[in-house]
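A.B. asks: Sharing a structure, written as structure tokens. Questions coming.
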Amino acid sequence: MIDTHCHIDLYDNPLEIAAAAEKLAIKTVAVTYLPSHFLLASKHLTDFKHVRPALGLHPLAVKDHERELGLFAKCFRSAEYIGEVGLDFSGKNKTSKLAQEKSFATVVKHIKKTSKFVTIHSRGAEDTVLEMLRNGGAGPVVFHWFSGSKRQLSNLLDAGHRVSLNTSMSAAAKWTELVTYIPRSAILTETDGPFVRIGGRPAVPEDVDLVISWLAKSWKISHAAALQQVADNLDSLMADLRTHLERPPE
């Protein structure tokens, strides 16, 4: 199983959650809010094979970006995964729009030169995120918990990007249609734990299996086939990223 977006460091018992995912060999991208959080997570996850830290610069932590941008650049080379990064123009977050865009522009400059996996936050800023990725020459990324319109979804898929789905999305009426609209090859799985909750408890990496079950039902295929499809999708994304990196600039 694959959990492309989980906030391991935000659980009450992060090491227990990480150890459980490691034991089950769940490939887990442990996203962070800031580079300083990434460094701390890296220390705790040094010996983990399946649960790996991701270098983040979360838009909701924008007040801390200025002092952490230098650290982001220093950590980028050693980071295997990038996330959570992106923009959030929802509600009161619109007031920090310019500061967010400045930070994300720096992120895009880094990711356009790499084949690293990137998980993106785009709430209320879907068009701007897509435009900045396109103008910056960045390769395909994964839009985490996408909440934009069908038009915006179509645009990001046309651009070669992917989406990751979680149990909250599977319970939402609009995704009953959208899950069959999206090409199977463009779908990955996530939990976004501990923010997503299942039966009153935080979702954990093992709950990706519930997303797989939903996909299998939606696609009318076996659970094993859905599991293999998602694994193949991750391999395909990484291959596309390598191809993008090797492509000469226009």
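Letters A, B, ... go to the chains of the structure tokens in the order shown; residues in each chain start at 1; ligands are counted from 1 in the same order.
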Name the residues in contact with Leu188 (chain A) at a cut-off of 8 Å, using only C-alpha atoms, excluding same-chain residues fewer than 4 positions from it; report them as an NGL selection string.
C.D. replies: :A and (2 or 4 or 162-165 or 230 or 233-234)
A.B. asks: Using C-alpha atoms, can you export the residues from the last selection as a short mmCIF file (atom, residue, chain, number, x, y, z; two decimals), in the first residue's frame?
C.D. replies:
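Here's the written file result.cif:
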data_model
loop_
_atom_site.label_atom_id
_atom_site.label_comp_id
_atom_site.auth_asym_id
_atom_site.auth_seq_id
_atom_site.Cartn_x
_atom_site.Cartn_y
_atom_site.Cartn_z
CA ILE A 2 1.02 3.60 -0.58
CA THR A 4 1.51 9.61 -0.36
CA ARG A 162 -1.82 13.36 -10.61
CA VAL A 163 -4.25 13.43 -7.68
CA SER A 164 -4.19 11.55 -4.39
CA LEU A 165 -7.46 10.43 -2.79
CA VAL A 230 -1.95 2.40 -7.66
CA ASN A 233 0.75 4.65 -11.06
CA LEU A 234 3.51 5.65 -8.66
#
A.B. asks: Using DSSP assignments from the backbone, pull out every residue in region 4-139 of chain A that falls under strand (DSSP E or B) and give it to me as number ranges by chain.
C.D. replies: A: 4-6, 27-30, 51-57, 81-86, 117-121
A.B. asks: To test your reading of the structure, identify every residue in region 35-215 of chain A that backbone DSSP assigns to helix (DSSP H, G or I), and report it as a PyMOL selection string.
C.D. replies: chain A and resi 35-44+59-76+91-111+126-136+150-158+167-170+173-181+184-186+205-215
A.B. asks: What's the separation between CA of Ile111 (chain A) and CA of Glu126 (chain A), in Å to one decimal place?
C.D. replies: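 Separating CA of Ile111 (chain A) from CA of Glu126 (chain A) is a distance of 18.0 Å.
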A.B. asks: What lies within 12 Å of Arg77 (chain A) using only C-alpha atoms, ignoring chain neighbours under 2 positions off, as a list of chain:residue names?
C.D. replies: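 Counting only C-alpha atoms, the residues come to A:Ala54, A:Leu55, A:Leu71, A:Phe72, A:Ala73, A:Lys74, A:Cys75, A:Ala79, A:Glu80, A:Tyr81, A:Ile82, A:His110, A:Ile111, A:Lys113, A:Thr114, A:Ser115, A:Lys116.
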A.B. asks: If you count only C-alpha atoms, which residues fall within 9 Å of Leu241 (chain A), apart from same-chain ones fewer than 3 positions away, as a VMD selection string?
C.D. replies: chain A and resid 114 to 117 139 to 141 236 to 238 244 to 246
A.B. asks: Separation of CA of Gly56 (chain A) and CA of Lys112 (chain A), in Å?
C.D. replies: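 One can read the CA of Gly56 (chain A) to CA of Lys112 (chain A) distance as 15.8 Å.
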A.B. asks: Report the distance between CA of Ala30 (chain A) and CA of Glu66 (chain A) in Å, rounded to one decimal place.
C.D. replies: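 CA of Ala30 (chain A) sits 22.8 Å away from CA of Glu66 (chain A).
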A.B. asks: Between A:Leu210, A:Ile26, A:Leu130, A:Ala21, which is the closest to His223 (chain A) once you count only C-alpha atoms?
C.D. replies: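 Among the listed residues, the smallest separation from His223 (chain A) belongs to A:Leu210.
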A.B. asks: Between A:Ser149, A:Thr32, A:Ser168, A:Ser185, which residue has the minimum interatomic distance to Gly83 (chain A), considering only C-alpha atoms?
C.D. replies: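 That would be A:Thr32, the residue with the smallest distance to Gly83 (chain A).
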A.B. asks: Using only C-alpha atoms, which residue out of A:His65, A:Lys92, A:His5, A:Lys23 lies closest to Pro53 (chain A)?
C.D. replies: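 When distances to Pro53 (chain A) are compared using only C-alpha atoms, the smallest one comes from A:His5.
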A.B. asks: Write out as a VMD selection string the residues lying within 9 Å of Val85 (chain A), counting only C-alpha atoms and excluding same-chain residues fewer than 2 positions away.
C.D. replies: chain A and resid 32 to 33 55 to 59 82 to 83 87 104 107 118 to 122
A.B. asks: Write a file of the selected residues as a PDB file, in the first residue's frame, keeping N, CA and C atoms.
C.D. replies:
ATOM      1  N   THR A  32       5.846  17.338   6.008  1.00  0.00           N
ATOM      2  CA  THR A  32       6.107  18.267   7.110  1.00  0.00           C
ATOM      3  C   THR A  32       5.673  19.671   6.721  1.00  0.00           C
ATOM      4  N   TYR A  33       5.560  20.534   7.731  1.00  0.00           N
ATOM      5  CA  TYR A  33       5.145  21.917   7.499  1.00  0.00           C
ATOM      6  C   TYR A  33       6.316  22.831   7.155  1.00  0.00           C
ATOM      7  N   LEU A  55      10.273  17.048   2.686  1.00  0.00           N
ATOM      8  CA  LEU A  55      10.639  18.437   2.973  1.00  0.00           C
ATOM      9  C   LEU A  55       9.489  19.367   2.638  1.00  0.00           C
ATOM     10  N   GLY A  56       8.959  20.039   3.658  1.00  0.00           N
ATOM     11  CA  GLY A  56       7.784  20.874   3.443  1.00  0.00           C
ATOM     12  C   GLY A  56       8.006  22.363   3.616  1.00  0.00           C
ATOM     13  N   LEU A  57       7.100  23.123   3.026  1.00  0.00           N
ATOM     14  CA  LEU A  57       7.009  24.568   3.218  1.00  0.00           C
ATOM     15  C   LEU A  57       5.527  24.897   3.053  1.00  0.00           C
ATOM     16  N   HIS A  58       4.760  24.537   4.066  1.00  0.00           N
ATOM     17  CA  HIS A  58       3.298  24.582   3.999  1.00  0.00           C
ATOM     18  C   HIS A  58       2.795  26.021   3.925  1.00  0.00           C
ATOM     19  N   PRO A  59       1.826  26.299   3.045  1.00  0.00           N
ATOM     20  CA  PRO A  59       1.315  27.675   2.931  1.00  0.00           C
ATOM     21  C   PRO A  59       0.684  28.203   4.217  1.00  0.00           C
ATOM     22  N   ILE A  82       9.245  15.787  -1.450  1.00  0.00           N
ATOM     23  CA  ILE A  82       8.945  17.194  -1.173  1.00  0.00           C
ATOM     24  C   ILE A  82       7.461  17.324  -0.846  1.00  0.00           C
ATOM     25  N   GLY A  83       7.161  17.953   0.286  1.00  0.00           N
ATOM     26  CA  GLY A  83       5.767  18.156   0.668  1.00  0.00           C
ATOM     27  C   GLY A  83       5.605  18.398   2.162  1.00  0.00           C
ATOM     28  N   LEU A  87      -0.059  26.427  -2.214  1.00  0.00           N
ATOM     29  CA  LEU A  87      -0.742  27.686  -1.901  1.00  0.00           C
ATOM     30  C   LEU A  87      -2.101  27.403  -1.288  1.00  0.00           C
ATOM     31  N   PHE A 104       6.319  29.949  -2.796  1.00  0.00           N
ATOM     32  CA  PHE A 104       6.082  28.844  -3.719  1.00  0.00           C
ATOM     33  C   PHE A 104       6.921  28.996  -4.983  1.00  0.00           C
ATOM     34  N   VAL A 107      10.070  27.371  -4.261  1.00  0.00           N
ATOM     35  CA  VAL A 107       9.902  25.910  -4.299  1.00  0.00           C
ATOM     36  C   VAL A 107       9.920  25.414  -5.743  1.00  0.00           C
ATOM     37  N   VAL A 118       6.618  15.116  -5.476  1.00  0.00           N
ATOM     38  CA  VAL A 118       6.129  16.347  -4.849  1.00  0.00           C
ATOM     39  C   VAL A 118       4.633  16.239  -4.591  1.00  0.00           C
ATOM     40  N   THR A 119       4.213  16.507  -3.348  1.00  0.00           N
ATOM     41  CA  THR A 119       2.791  16.522  -3.015  1.00  0.00           C
ATOM     42  C   THR A 119       2.365  17.954  -2.712  1.00  0.00           C
ATOM     43  N   ILE A 120       1.319  18.395  -3.396  1.00  0.00           N
ATOM     44  CA  ILE A 120       0.933  19.809  -3.465  1.00  0.00           C
ATOM     45  C   ILE A 120      -0.386  20.106  -2.753  1.00  0.00           C
ATOM     46  N   HIS A 121      -0.404  21.242  -2.055  1.00  0.00           N
ATOM     47  CA  HIS A 121      -1.603  21.803  -1.430  1.00  0.00           C
ATOM     48  C   HIS A 121      -2.089  22.935  -2.333  1.00  0.00           C
ATOM     49  N   SER A 122      -3.392  22.950  -2.670  1.00  0.00           N
ATOM     50  CA  SER A 122      -3.864  23.950  -3.647  1.00  0.00           C
ATOM     51  C   SER A 122      -5.230  24.536  -3.307  1.00  0.00           C
TER      52      SER A 122
END
A.B. asks: Taking into account only C-alpha atoms, which residue in the set A:Ser90, A:Thr28, A:Asn13, A:Ser42 is nearest to Glu190 (chain A)?
C.D. replies: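 The closest residue to Glu190 (chain A) is A:Thr28.
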A.B. asks: Neighbours of region 224-228 of chain A within 12 Å (only C-alpha atoms; same-chain residues fewer than 3 positions away dropped), as a VMD selection string?
C.D. replies: chain A and resid 1 to 3 26 184 to 185 187 to 189 208 to 221 231 to 235
A.B. asks: Could you give me, as a PyMOL selection string, the residues within 10 Å of Gly193 (chain A), counting only C-alpha atoms and dropping anything in the same chain fewer than 4 positions from it?
C.D. replies: chain A and resi 3+5-11+30+166+197-198+201-205+207
A.B. asks: Could you save the residues just selected, with C-alpha atoms, as a PDB file, in the first residue's frame?
C.D. replies:
ATOM      1  CA  ASP A   3       0.218   6.626   1.578  1.00  0.00           C
ATOM      2  CA  HIS A   5       0.494  12.203   2.223  1.00  0.00           C
ATOM      3  CA  CYS A   6       0.524  11.647   5.980  1.00  0.00           C
ATOM      4  CA  HIS A   7       1.490  14.056   8.782  1.00  0.00           C
ATOM      5  CA  ILE A   8       3.295  11.500  10.933  1.00  0.00           C
ATOM      6  CA  ASP A   9       4.826  14.213  13.116  1.00  0.00           C
ATOM      7  CA  LEU A  10       1.405  15.623  14.091  1.00  0.00           C
ATOM      8  CA  TYR A  11       0.036  12.497  15.789  1.00  0.00           C
ATOM      9  CA  ALA A  30       5.702  11.727   5.976  1.00  0.00           C
ATOM     10  CA  ASN A 166      -8.338   9.752   0.850  1.00  0.00           C
ATOM     11  CA  ARG A 197     -10.772  11.054  10.805  1.00  0.00           C
ATOM     12  CA  ILE A 198     -12.453   7.668  10.577  1.00  0.00           C
ATOM     13  CA  ARG A 201     -10.182   8.507  15.341  1.00  0.00           C
ATOM     14  CA  PRO A 202      -7.364   9.883  13.207  1.00  0.00           C
ATOM     15  CA  ALA A 203      -6.734   8.052   9.945  1.00  0.00           C
ATOM     16  CA  VAL A 204      -3.462   6.113   9.886  1.00  0.00           C
ATOM     17  CA  PRO A 205      -1.450   4.764   6.926  1.00  0.00           C
ATOM     18  CA  ASP A 207      -6.429   3.070   6.298  1.00  0.00           C
TER      19      ASP A 207
END
